[in-house]
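**Q** Below you'll find data20.txt; it's compact mmCIF, C-alpha atoms.
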```txt
# COMPACT_ATOMS: atom_id res chain seq x y z
CA MET A 1 16.12 -52.49 -64.49
CA ASP A 2 14.92 -48.89 -64.19
CA SER A 3 17.44 -46.11 -64.00
CA GLY A 4 15.81 -44.84 -60.80
CA GLU A 5 14.98 -41.50 -62.39
CA THR A 6 11.77 -42.66 -64.02
CA THR A 7 8.56 -40.78 -63.22
CA VAL A 8 6.51 -44.00 -62.99
CA PRO A 9 5.16 -44.12 -59.42
CA SER A 10 6.37 -46.96 -57.21
CA PRO A 11 3.74 -49.45 -55.98
CA LYS A 12 3.86 -47.74 -52.61
CA GLU A 13 3.27 -44.32 -54.13
CA ARG A 14 0.46 -45.69 -56.27
CA ALA A 15 -1.18 -47.31 -53.23
CA GLU A 16 -0.89 -44.01 -51.39
CA GLN A 17 -2.40 -42.15 -54.32
CA GLN A 18 -5.33 -44.62 -54.51
CA GLN A 19 -5.88 -44.24 -50.80
CA TRP A 20 -6.08 -40.48 -51.32
CA ASP A 21 -8.49 -40.95 -54.21
CA MET A 22 -10.67 -43.01 -51.91
CA ASP A 23 -10.58 -40.19 -49.36
CA LEU A 24 -11.92 -37.89 -52.06
CA LEU A 25 -14.61 -40.35 -53.21
CA VAL A 26 -15.88 -40.89 -49.66
CA GLY A 27 -15.61 -37.17 -48.89
CA TYR A 28 -17.63 -36.12 -51.91
CA ILE A 29 -20.35 -38.76 -51.39
CA LEU A 30 -20.84 -37.48 -47.84
CA LEU A 31 -20.77 -33.85 -48.94
CA GLY A 32 -23.14 -34.42 -51.87
CA GLY A 33 -25.61 -36.43 -49.80
CA VAL A 34 -25.77 -33.90 -46.99
CA LEU A 35 -26.07 -30.93 -49.37
CA LEU A 36 -28.85 -32.58 -51.39
CA SER A 37 -30.68 -33.59 -48.24
CA MET A 38 -30.40 -30.10 -46.73
CA ALA A 39 -31.52 -28.52 -50.01
CA LEU A 40 -34.64 -30.73 -50.06
CA VAL A 41 -35.51 -29.96 -46.44
CA ALA A 42 -34.89 -26.22 -46.90
CA ALA A 43 -36.94 -26.17 -50.12
CA GLY A 44 -39.78 -27.95 -48.34
CA LEU A 45 -39.75 -25.42 -45.51
CA ILE A 46 -39.58 -22.41 -47.84
CA TRP A 47 -42.40 -23.77 -50.00
CA ARG A 48 -44.49 -24.35 -46.90
CA TRP A 49 -43.76 -20.81 -45.71
CA ALA A 50 -44.58 -19.30 -49.10
CA ALA A 51 -47.84 -21.26 -49.34
CA THR A 52 -49.14 -20.82 -45.79
CA GLY A 53 -47.09 -18.03 -44.18
CA ASN A 54 -46.12 -20.51 -41.48
CA ILE A 55 -42.72 -22.21 -41.57
CA GLY A 56 -43.04 -24.73 -38.74
CA PHE A 57 -45.41 -27.65 -38.86
CA ASP A 58 -46.46 -30.60 -36.80
CA TYR A 59 -46.26 -33.77 -38.78
CA ARG A 60 -45.47 -37.29 -37.66
CA LEU A 61 -44.74 -40.47 -39.53
CA ALA A 62 -46.42 -43.74 -38.72
CA GLY A 63 -43.74 -46.33 -37.95
CA MET A 64 -42.32 -47.54 -41.24
CA ASN A 65 -38.90 -48.42 -42.51
CA LEU A 66 -36.88 -46.36 -44.96
CA PHE A 67 -37.99 -48.30 -48.03
CA GLU A 68 -41.67 -48.16 -47.09
CA LEU A 69 -41.27 -44.42 -46.54
CA ALA A 70 -39.62 -44.00 -49.93
CA VAL A 71 -42.34 -46.03 -51.70
CA HIS A 72 -45.01 -44.05 -49.84
CA ASP A 73 -43.43 -40.77 -51.00
CA ILE A 74 -43.08 -41.87 -54.59
CA ARG A 75 -46.69 -43.06 -54.68
CA LEU A 76 -47.92 -39.73 -53.27
CA SER A 77 -45.97 -37.73 -55.83
CA LEU A 78 -47.19 -39.96 -58.69
CA ASP A 79 -50.75 -39.31 -57.51
CA GLY A 80 -50.03 -35.60 -57.94
CA ALA A 81 -50.08 -34.98 -54.20
CA PHE A 82 -46.78 -33.13 -54.35
CA ARG A 83 -46.49 -31.16 -51.11
CA PRO A 84 -43.84 -29.41 -49.01
CA ARG A 85 -43.75 -32.23 -46.52
CA LEU A 86 -42.92 -34.64 -49.31
CA LEU A 87 -39.73 -32.66 -49.93
CA ILE A 88 -38.87 -32.88 -46.25
CA THR A 89 -39.34 -36.65 -46.05
CA SER A 90 -37.28 -36.95 -49.25
CA GLY A 91 -34.55 -34.96 -47.50
CA ILE A 92 -34.67 -37.39 -44.58
CA ILE A 93 -34.48 -40.36 -46.96
CA VAL A 94 -31.47 -38.87 -48.79
CA LEU A 95 -29.79 -38.14 -45.46
CA MET A 96 -30.22 -41.73 -44.30
CA LEU A 97 -28.97 -43.09 -47.60
CA THR A 98 -25.81 -40.92 -47.50
CA PRO A 99 -23.73 -43.06 -45.09
CA TYR A 100 -25.28 -46.13 -46.68
CA PHE A 101 -23.92 -45.15 -50.10
CA ARG A 102 -20.61 -44.22 -48.56
CA VAL A 103 -20.29 -47.77 -47.24
CA ALA A 104 -21.48 -49.28 -50.54
CA ALA A 105 -18.92 -47.19 -52.47
CA SER A 106 -16.20 -48.29 -50.03
CA VAL A 107 -17.00 -51.95 -50.66
CA VAL A 108 -16.72 -51.37 -54.42
CA TYR A 109 -13.51 -49.34 -54.05
CA PHE A 110 -11.77 -51.82 -51.76
CA ALA A 111 -12.76 -54.70 -54.06
CA GLY A 112 -12.38 -53.09 -57.49
CA VAL A 113 -9.52 -50.60 -57.14
CA LEU A 114 -7.47 -51.48 -54.07
CA LYS A 115 -8.11 -55.27 -54.35
CA ASN A 116 -7.99 -55.32 -50.58
CA TRP A 117 -10.13 -58.36 -49.75
CA LYS A 118 -9.76 -57.96 -46.02
CA TYR A 119 -11.40 -54.54 -46.13
CA THR A 120 -13.87 -55.64 -48.80
CA ALA A 121 -15.10 -58.20 -46.27
CA PHE A 122 -15.17 -55.67 -43.42
CA THR A 123 -17.13 -53.06 -45.34
CA GLY A 124 -19.31 -55.78 -46.87
CA PHE A 125 -20.32 -56.88 -43.39
CA VAL A 126 -21.21 -53.28 -42.48
CA LEU A 127 -23.29 -52.98 -45.64
CA ILE A 128 -25.22 -56.17 -44.88
CA VAL A 129 -26.01 -55.13 -41.30
CA LEU A 130 -27.13 -51.67 -42.45
CA THR A 131 -29.31 -53.15 -45.18
CA TYR A 132 -30.93 -55.39 -42.60
CA SER A 133 -31.53 -52.45 -40.25
CA LEU A 134 -33.18 -50.40 -43.01
CA PHE A 135 -35.70 -53.22 -43.55
CA LEU A 136 -36.63 -53.39 -39.85
CA ARG A 137 -40.31 -53.13 -39.00
CA MET B 1 -45.23 -27.06 -31.31
CA LEU B 2 -42.12 -25.04 -30.41
CA PRO B 3 -41.22 -21.95 -32.43
CA PHE B 4 -39.24 -22.78 -35.51
CA TYR B 5 -36.53 -20.18 -34.93
CA LEU B 6 -35.84 -21.45 -31.41
CA LEU B 7 -35.37 -25.03 -32.55
CA PHE B 8 -33.23 -23.77 -35.41
CA LEU B 9 -30.94 -21.63 -33.19
CA VAL B 10 -30.46 -24.33 -30.55
CA SER B 11 -29.61 -26.79 -33.33
CA ILE B 12 -27.00 -24.44 -34.84
CA LEU B 13 -25.29 -24.23 -31.46
CA ALA B 14 -25.45 -28.01 -30.96
CA GLY B 15 -23.96 -28.66 -34.40
CA PHE B 16 -21.18 -26.15 -33.83
CA VAL B 17 -20.05 -27.63 -30.53
CA GLY B 18 -20.51 -31.17 -31.80
CA ALA B 19 -18.20 -30.62 -34.76
CA MET B 20 -15.60 -28.70 -32.76
CA SER B 21 -15.25 -31.48 -30.23
CA GLY B 22 -15.83 -34.48 -32.48
CA MET B 23 -18.75 -35.49 -30.27
CA GLY B 24 -21.59 -34.97 -32.73
CA GLY B 25 -24.42 -32.55 -32.06
CA GLY B 26 -26.60 -34.84 -29.94
CA ILE B 27 -24.89 -34.19 -26.66
CA ILE B 28 -26.12 -30.59 -26.60
CA LEU B 29 -29.27 -31.17 -28.59
CA ILE B 30 -30.96 -33.77 -26.38
CA PRO B 31 -30.63 -31.86 -23.08
CA ALA B 32 -31.80 -28.71 -24.88
CA LEU B 33 -34.81 -30.36 -26.53
CA THR B 34 -35.94 -32.02 -23.31
CA LEU B 35 -35.60 -28.69 -21.49
CA MET B 36 -37.91 -27.27 -24.15
CA GLY B 37 -40.49 -29.90 -23.23
CA ILE B 38 -39.94 -32.53 -25.91
CA ASP B 39 -40.28 -36.16 -24.84
CA ILE B 40 -36.82 -37.70 -24.40
CA LYS B 41 -37.42 -40.59 -26.80
CA HIS B 42 -38.50 -38.22 -29.58
CA ALA B 43 -35.49 -36.04 -28.74
CA ILE B 44 -33.21 -39.08 -28.97
CA ALA B 45 -34.73 -40.11 -32.31
CA VAL B 46 -34.45 -36.69 -33.96
CA SER B 47 -30.99 -36.26 -32.46
CA ILE B 48 -29.61 -39.47 -33.88
CA LEU B 49 -31.02 -38.51 -37.29
CA SER B 50 -29.31 -35.12 -37.03
CA VAL B 51 -26.12 -36.87 -35.97
CA ILE B 52 -26.01 -38.53 -39.43
CA ALA B 53 -26.01 -35.04 -40.90
CA THR B 54 -23.44 -33.52 -38.53
CA SER B 55 -21.14 -36.44 -38.83
CA SER B 56 -21.37 -36.76 -42.62
CA GLY B 57 -21.08 -33.02 -43.17
CA SER B 58 -17.99 -32.51 -41.06
CA ALA B 59 -16.49 -35.93 -41.89
CA SER B 60 -16.61 -35.00 -45.57
CA ALA B 61 -14.21 -32.12 -44.98
CA TYR B 62 -11.85 -34.11 -42.74
CA VAL B 63 -11.76 -37.05 -45.13
CA ARG B 64 -10.93 -34.79 -48.09
CA ASP B 65 -8.21 -33.11 -45.99
CA HIS B 66 -6.73 -36.63 -45.45
CA ILE B 67 -6.89 -36.35 -41.67
CA THR B 68 -9.40 -39.18 -41.16
CA ASN B 69 -8.08 -42.75 -41.20
CA LEU B 70 -10.60 -44.66 -43.35
CA LYS B 71 -9.34 -48.13 -42.43
CA VAL B 72 -9.50 -47.47 -38.70
CA GLY B 73 -13.02 -46.12 -39.24
CA MET B 74 -14.23 -48.97 -41.40
CA PHE B 75 -12.81 -51.67 -39.18
CA LEU B 76 -14.38 -50.22 -36.03
CA GLU B 77 -17.75 -49.55 -37.70
CA MET B 78 -18.40 -53.28 -37.79
CA PHE B 79 -18.66 -53.19 -34.03
CA THR B 80 -20.41 -49.86 -33.50
CA ILE B 81 -23.37 -50.59 -35.81
CA VAL B 82 -24.26 -53.85 -34.09
CA GLY B 83 -24.01 -52.05 -30.75
CA ALA B 84 -26.22 -49.22 -32.02
CA LEU B 85 -28.98 -51.60 -33.10
CA ALA B 86 -28.96 -53.22 -29.66
CA GLY B 87 -28.87 -49.87 -27.86
CA ALA B 88 -31.80 -48.38 -29.80
CA ALA B 89 -33.85 -51.51 -29.17
CA ILE B 90 -33.27 -51.08 -25.43
CA THR B 91 -34.36 -47.41 -25.49
CA LEU B 92 -37.66 -48.35 -27.15
CA VAL B 93 -38.65 -50.49 -24.17
CA SER B 94 -37.01 -48.38 -21.43
CA SER B 95 -38.76 -45.81 -19.21
CA GLN B 96 -37.60 -42.17 -19.18
CA ARG B 97 -35.66 -41.64 -15.94
CA PRO B 98 -33.04 -44.32 -16.56
CA LEU B 99 -32.38 -42.67 -19.92
CA TYR B 100 -31.61 -39.32 -18.24
CA ILE B 101 -29.34 -40.96 -15.70
CA ALA B 102 -27.61 -43.06 -18.34
CA PHE B 103 -27.14 -39.95 -20.49
CA GLY B 104 -25.62 -37.95 -17.65
CA SER B 105 -23.44 -40.82 -16.48
CA VAL B 106 -21.98 -41.39 -19.93
CA LEU B 107 -21.11 -37.70 -20.14
CA LEU B 108 -19.64 -37.67 -16.66
CA GLY B 109 -17.58 -40.81 -17.28
CA SER B 110 -16.20 -39.36 -20.50
CA TRP B 111 -15.37 -36.12 -18.76
CA LEU B 112 -13.50 -37.86 -15.92
CA ALA B 113 -11.52 -40.17 -18.13
CA LEU B 114 -10.59 -37.36 -20.45
CA LEU B 115 -9.59 -35.09 -17.59
CA LEU B 116 -7.27 -37.76 -16.16
CA ALA B 117 -5.79 -38.48 -19.57
CA GLY B 118 -5.57 -34.83 -20.50
CA HIS B 119 -2.03 -34.20 -19.33
CA GLU B 120 -0.18 -36.68 -21.47
CA THR B 121 0.69 -35.64 -24.97
CA TRP B 122 0.46 -38.03 -27.87
CA HIS B 123 3.54 -40.11 -28.65
CA ALA B 124 4.11 -42.93 -31.11
CA GLY B 125 3.90 -46.40 -29.55
CA ARG B 126 4.75 -49.95 -30.62
CA GLN B 127 2.28 -51.67 -32.87
CA ASP B 128 1.11 -55.23 -32.16
CA ALA B 129 0.83 -57.93 -34.85
CA PHE B 130 -2.97 -57.95 -35.03
CA THR B 131 -3.23 -54.20 -35.52
CA ARG B 132 -0.49 -54.38 -38.15
CA TRP B 133 -2.45 -57.13 -39.93
CA LEU B 134 -5.41 -54.74 -39.95
CA GLU B 135 -3.20 -52.11 -41.67
CA LEU B 136 -4.19 -49.49 -39.08
CA GLU B 137 -1.62 -46.75 -39.60
CA GLY B 138 -1.21 -43.59 -41.59
CA SER B 139 -0.12 -39.99 -41.71
CA TYR B 140 -1.85 -36.65 -41.87
CA PRO B 141 -0.91 -33.02 -42.49
CA ASP B 142 -1.00 -30.97 -39.28
CA TYR B 143 -1.50 -27.31 -40.18
CA ALA B 144 -0.83 -26.10 -36.62
CA VAL B 145 2.63 -27.72 -36.62
CA GLY B 146 3.20 -27.35 -40.36
CA SER B 147 4.38 -30.90 -41.08
CA GLU B 148 3.18 -34.42 -41.87
CA ILE B 149 2.58 -36.57 -38.74
CA HIS B 150 3.10 -40.35 -39.09
CA TYR B 151 1.46 -42.77 -36.67
CA LYS B 152 0.64 -46.44 -36.11
CA ALA B 153 -2.45 -47.55 -34.19
CA ARG B 154 -2.23 -50.34 -31.61
CA ARG B 155 -4.39 -52.69 -29.48
CA ALA B 156 -7.21 -53.05 -32.01
CA TYR B 157 -8.24 -56.22 -30.15
CA PHE B 158 -9.32 -54.01 -27.21
CA GLY B 159 -10.54 -51.17 -29.39
CA ALA B 160 -13.04 -53.34 -31.27
CA PRO B 161 -15.10 -54.66 -28.33
CA ALA B 162 -14.92 -51.23 -26.69
CA MET B 163 -16.41 -49.82 -29.90
CA PHE B 164 -19.36 -52.21 -29.59
CA GLY B 165 -20.04 -50.50 -26.25
CA ALA B 166 -19.63 -47.05 -27.79
CA GLY B 167 -22.10 -47.99 -30.55
CA MET B 168 -24.55 -49.23 -27.96
CA ILE B 169 -24.38 -45.93 -26.09
CA ALA B 170 -24.90 -44.09 -29.39
CA GLY B 171 -28.00 -46.10 -30.25
CA LEU B 172 -29.34 -46.02 -26.70
CA LEU B 173 -28.99 -42.28 -26.14
CA GLY B 174 -29.21 -40.88 -29.67
CA ILE B 175 -25.80 -39.27 -29.54
CA GLY B 176 -22.76 -39.77 -31.72
CA ALA B 177 -20.99 -40.96 -28.56
CA GLY B 178 -17.98 -39.25 -30.07
CA ALA B 179 -16.59 -38.63 -26.59
CA VAL B 180 -16.43 -42.36 -25.97
CA LYS B 181 -15.05 -43.12 -29.43
CA VAL B 182 -12.38 -40.43 -29.13
CA LEU B 183 -11.45 -41.90 -25.77
CA ILE B 184 -11.06 -45.39 -27.25
CA HIS B 185 -8.98 -44.00 -30.11
CA ASP B 186 -6.78 -41.93 -27.77
CA LEU B 187 -6.29 -44.20 -24.80
CA ILE B 188 -6.58 -47.72 -26.21
CA MET B 189 -5.50 -47.40 -29.82
CA GLY B 190 -2.98 -44.58 -29.43
CA LEU B 191 -4.15 -42.41 -32.31
CA PRO B 192 -3.11 -38.74 -32.44
CA PRO B 193 -5.95 -36.49 -31.16
CA LYS B 194 -6.85 -35.01 -34.55
CA VAL B 195 -7.01 -38.40 -36.25
CA SER B 196 -9.03 -39.71 -33.35
CA THR B 197 -11.69 -36.96 -33.41
CA THR B 198 -12.02 -36.92 -37.20
CA THR B 199 -12.14 -40.72 -37.55
CA SER B 200 -14.72 -40.81 -34.79
CA ASN B 201 -16.78 -38.41 -36.90
CA LEU B 202 -16.74 -40.83 -39.83
CA ILE B 203 -17.77 -43.81 -37.69
CA ILE B 204 -20.57 -41.84 -36.07
CA GLY B 205 -22.42 -41.47 -39.40
CA VAL B 206 -23.05 -45.16 -40.04
CA THR B 207 -23.56 -45.87 -36.36
CA ALA B 208 -26.24 -43.19 -36.23
CA LEU B 209 -27.85 -44.62 -39.36
CA ALA B 210 -28.21 -48.02 -37.69
CA GLY B 211 -29.82 -46.37 -34.65
CA THR B 212 -32.03 -44.08 -36.76
CA SER B 213 -33.46 -47.01 -38.69
CA VAL B 214 -34.72 -48.52 -35.42
CA TYR B 215 -36.33 -45.21 -34.33
CA LEU B 216 -37.84 -44.63 -37.77
CA ALA B 217 -39.44 -48.07 -37.75
CA ALA B 218 -40.82 -47.31 -34.27
CA GLY B 219 -42.47 -44.10 -35.53
CA LEU B 220 -40.38 -41.79 -33.33
CA ILE B 221 -39.01 -39.55 -36.12
CA ASP B 222 -41.15 -36.40 -36.53
CA PRO B 223 -40.36 -34.62 -39.81
CA GLY B 224 -41.84 -31.39 -38.37
CA LEU B 225 -39.23 -31.45 -35.62
CA ALA B 226 -36.49 -32.97 -37.75
CA ALA B 227 -36.56 -30.26 -40.44
CA PRO B 228 -35.37 -27.27 -38.35
CA VAL B 229 -33.11 -29.48 -36.24
CA ILE B 230 -31.11 -31.08 -39.05
CA LEU B 231 -30.80 -27.80 -40.97
CA GLY B 232 -29.52 -25.99 -37.90
CA VAL B 233 -27.19 -28.75 -36.84
CA VAL B 234 -25.56 -28.97 -40.26
CA LEU B 235 -25.07 -25.23 -40.44
CA GLY B 236 -23.47 -25.22 -36.97
CA ALA B 237 -21.29 -28.23 -37.82
CA PHE B 238 -20.08 -26.51 -40.97
CA LEU B 239 -18.91 -23.52 -38.94
CA GLY B 240 -17.36 -25.72 -36.23
CA THR B 241 -15.42 -27.81 -38.75
CA ARG B 242 -13.88 -24.73 -40.35
CA LEU B 243 -12.52 -23.78 -36.94
CA LEU B 244 -11.17 -27.19 -35.84
CA VAL B 245 -8.58 -27.58 -38.61
CA ARG B 246 -7.02 -24.31 -37.44
CA LEU B 247 -6.98 -25.04 -33.71
CA THR B 248 -4.36 -26.82 -31.63
CA ASN B 249 -5.19 -30.06 -29.80
CA LYS B 250 -5.01 -28.34 -26.44
CA ALA B 251 -7.68 -25.74 -27.19
CA VAL B 252 -10.07 -28.39 -28.56
CA ARG B 253 -9.64 -30.56 -25.49
CA ARG B 254 -10.13 -27.78 -22.95
CA PHE B 255 -13.36 -26.62 -24.57
CA PHE B 256 -14.57 -30.19 -24.84
CA LEU B 257 -13.99 -30.82 -21.11
CA PHE B 258 -15.98 -27.78 -20.05
CA VAL B 259 -19.03 -28.63 -22.16
CA LEU B 260 -19.05 -32.25 -21.00
CA LEU B 261 -19.05 -31.33 -17.32
CA VAL B 262 -21.93 -28.86 -17.49
CA LEU B 263 -24.21 -31.19 -19.43
CA ALA B 264 -23.35 -34.29 -17.41
CA THR B 265 -24.29 -32.65 -14.13
CA GLU B 266 -27.51 -31.28 -15.51
CA MET B 267 -28.77 -34.59 -16.93
CA VAL B 268 -27.90 -36.73 -13.89
CA PHE B 269 -29.62 -34.19 -11.66
CA ARG B 270 -32.80 -34.29 -13.71
CA GLY B 271 -32.84 -38.07 -13.77
CA LEU B 272 -32.43 -38.36 -10.02
CA ARG B 273 -34.92 -35.62 -9.23
CA GLY B 274 -37.54 -37.23 -11.44
CA LEU B 275 -37.21 -34.87 -14.47
```
Could you show the structure in this file as structure tokens?

**A**
Amino acid sequence: MDSGETTVPSPKERAEQQQWDMDLLVGYILLGGVLLSMALVAAGLIWRWAATGNIGFDYRLAGMNLFELAVHDIRLSLDGAFRPRLLITSGIIVLMLTPYFRVAASVVYFAGVLKNWKYTAFTGFVLIVLTYSLFLR
Amino acid sequence: MLPFYLLFLVSILAGFVGAMSGMGGGIILIPALTLMGIDIKHAIAVSILSVIATSSGSASAYVRDHITNLKVGMFLEMFTIVGALAGAAITLVSSQRPLYIAFGSVLLGSWLALLLAGHETWHAGRQDAFTRWLELEGSYPDYAVGSEIHYKARRAYFGAPAMFGAGMIAGLLGIGAGAVKVLIHDLIMGLPPKVSTTTSNLIIGVTALAGTSVYLAAGLIDPGLAAPVILGVVLGAFLGTRLLVRLTNKAVRRFFLFVLLVLATEMVFRGLRGL
């Protein structure tokens, strides 16, 4: 029996601490994703402005899903066609993947750290539906 | 093409108000973009993309401040994303005027319900067995009061289907539909106002992603329009978030009511008049 003065956290305290750690994990994924995405978009705009003296541009995407867009971008940059608008589409891709990664990380955290199977199933369902939607054509 | 600075400034304002109220930036952005002559479906598409940014940017701060309830968010997301996919699919085949009227009506409905509910202050209620099974409870630090507030959610069995509807509105109209989500959190599930707005912010991100994927596949996302809009919206949301943590519930609500009413009237009017 413990004396009651031990510094070992109780299961409840530990659960609370893990919940707080998850808050931080989710928070930093969201923050990182948005910052990276904004940096890419801003860099694309500044590059465009530096190269042409014009910051705005009219550019549309043919209908394609996120993965087709990503493959398209990677192919263009491998061909050496590295352009400002490529940075902007990369920013859009990163932005769309931010909540996606947040959900994926939640599945892993609920399963691996919290061992909360109920919420592993809930977040897993969300991940599957989102994956499906990103493959829409 | 509209001037870059104009799009950028309007987007900053939209992001600011969206974060302050927990509504997401779309509610200001779409009326503003259509007033500037952009087709409503393109406005909806770029708006819902920007909503991912607003929501994720401000949610990141709330989540790290331990105000957001992750379990409430993750449970309800299951329903909003399916709704968002359905809603976006409807918008693709719809004509323009019904979209204006639907947009205005959703705003007006939210305004009315919130006005009627506005007088009661939050109080802890009894939790039902299902909501307890879902582990929907928590506590958060309230800086305005200076103490930790404990709460238990309730009636998740009503909250969930209502969230499907909220997701559908989000996908259909390209907004976070934060007003509707906050309403469901407040009135059905009995969450304290700050938890309800911040958790709504978290849910909005994935809901908007589901909607965005439909609009992207349909070719409605213009990177040339999206670039100034998402940059502006995120900047505005960043400023709005910094302010919300320091404000009392009453001030947030009053501001929120005013903005809703103005925009609701304007959109319904344009839909009825034929744009």

**Q** List the spatial neighbours of Tyr62 in chain B as a ChimeraX atom specification - criterion: any atom at most 7 Å away, only C-alpha atoms, same-chain residues fewer than 5 positions off excluded.

**A** /B:67-68,198

**Q** Could you check how far CA of Met64 in chain A sits from CA of Ile92 in chain A, in Å to one decimal?

**A** 13.1 Å

**Q** At what distance in Å, to one decimal, does CA of Ser10 in chain A lie from CA of Leu114 in chain A?

**A**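 Between CA of Leu114 in chain A and CA of Ser10 in chain A the gap is 14.9 Å.
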
**Q** Between CA of Ala162 in chain B and CA of Leu115 in chain B, what distance in Å does the model show, to one decimal?

**A** 19.3 Å

**Q** Which residue gives the smallest distance to chain A among B:Phe164, B:Tyr100, B:Tyr215, B:Tyr143, with all atoms listed in the file counted?

**A**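 Closest residue, counting all atoms listed in the file: B:Tyr215.
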
**Q** If we count only C-alpha atoms, what is near range 29-38 of chain B at a cut-off of 9 Å, once residues fewer than 6 positions away on the same chain are taken out, given as a list in words?

**A** Leu2, Leu7, Val10, Ser11, Leu13, Ala14, Gly15, Ile44, Val46, Ser47, Tyr100, Leu173, Gly174, Ile175, Val229, Val233, Leu263, Glu266 and Met267 of chain B

**Q** Can those selected residues be exported to a file as a short mmCIF file (atom, residue, chain, number, x, y, z; two decimals), in the frame of the given file so that it contains C-alpha atoms?

**A**
```cif
data_model
loop_
_atom_site.label_atom_id
_atom_site.label_comp_id
_atom_site.auth_asym_id
_atom_site.auth_seq_id
_atom_site.Cartn_x
_atom_site.Cartn_y
_atom_site.Cartn_z
CA LEU B 2 -42.12 -25.04 -30.41
CA LEU B 7 -35.37 -25.03 -32.55
CA VAL B 10 -30.46 -24.33 -30.55
CA SER B 11 -29.61 -26.79 -33.33
CA LEU B 13 -25.29 -24.23 -31.46
CA ALA B 14 -25.45 -28.01 -30.96
CA GLY B 15 -23.96 -28.66 -34.40
CA ILE B 44 -33.21 -39.08 -28.97
CA VAL B 46 -34.45 -36.69 -33.96
CA SER B 47 -30.99 -36.26 -32.46
CA TYR B 100 -31.61 -39.32 -18.24
CA LEU B 173 -28.99 -42.28 -26.14
CA GLY B 174 -29.21 -40.88 -29.67
CA ILE B 175 -25.80 -39.27 -29.54
CA VAL B 229 -33.11 -29.48 -36.24
CA VAL B 233 -27.19 -28.75 -36.84
CA LEU B 263 -24.21 -31.19 -19.43
CA GLU B 266 -27.51 -31.28 -15.51
CA MET B 267 -28.77 -34.59 -16.93
#
```

**Q** Under the rule that all atoms listed in the file are counted, which of A:Ser133, A:Ser77, A:Asn116, A:Gln18 is the nearest residue to chain B?

**A**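 Closest candidate: A:Ser133.
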
**Q** Write down, as a PyMOL selection string, each residue of chain A that has any atom within 8 Å of an atom of chain B, counting all atoms listed in the file.

**A** chain A and resi 20+23-24+26-31+34+38+41-42+45+55-66+85+88-89+92+95-96+98-100+119+122-123+125-126+129-130+133-134+136-137

**Q** Hey, which of A:Tyr132, A:Glu16, A:Leu69, A:Gly44 ends up closest to Ile93 in chain A? Count all atoms listed in the file.

**A**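 Among the listed residues, A:Leu69 lies closest to Ile93 in chain A.
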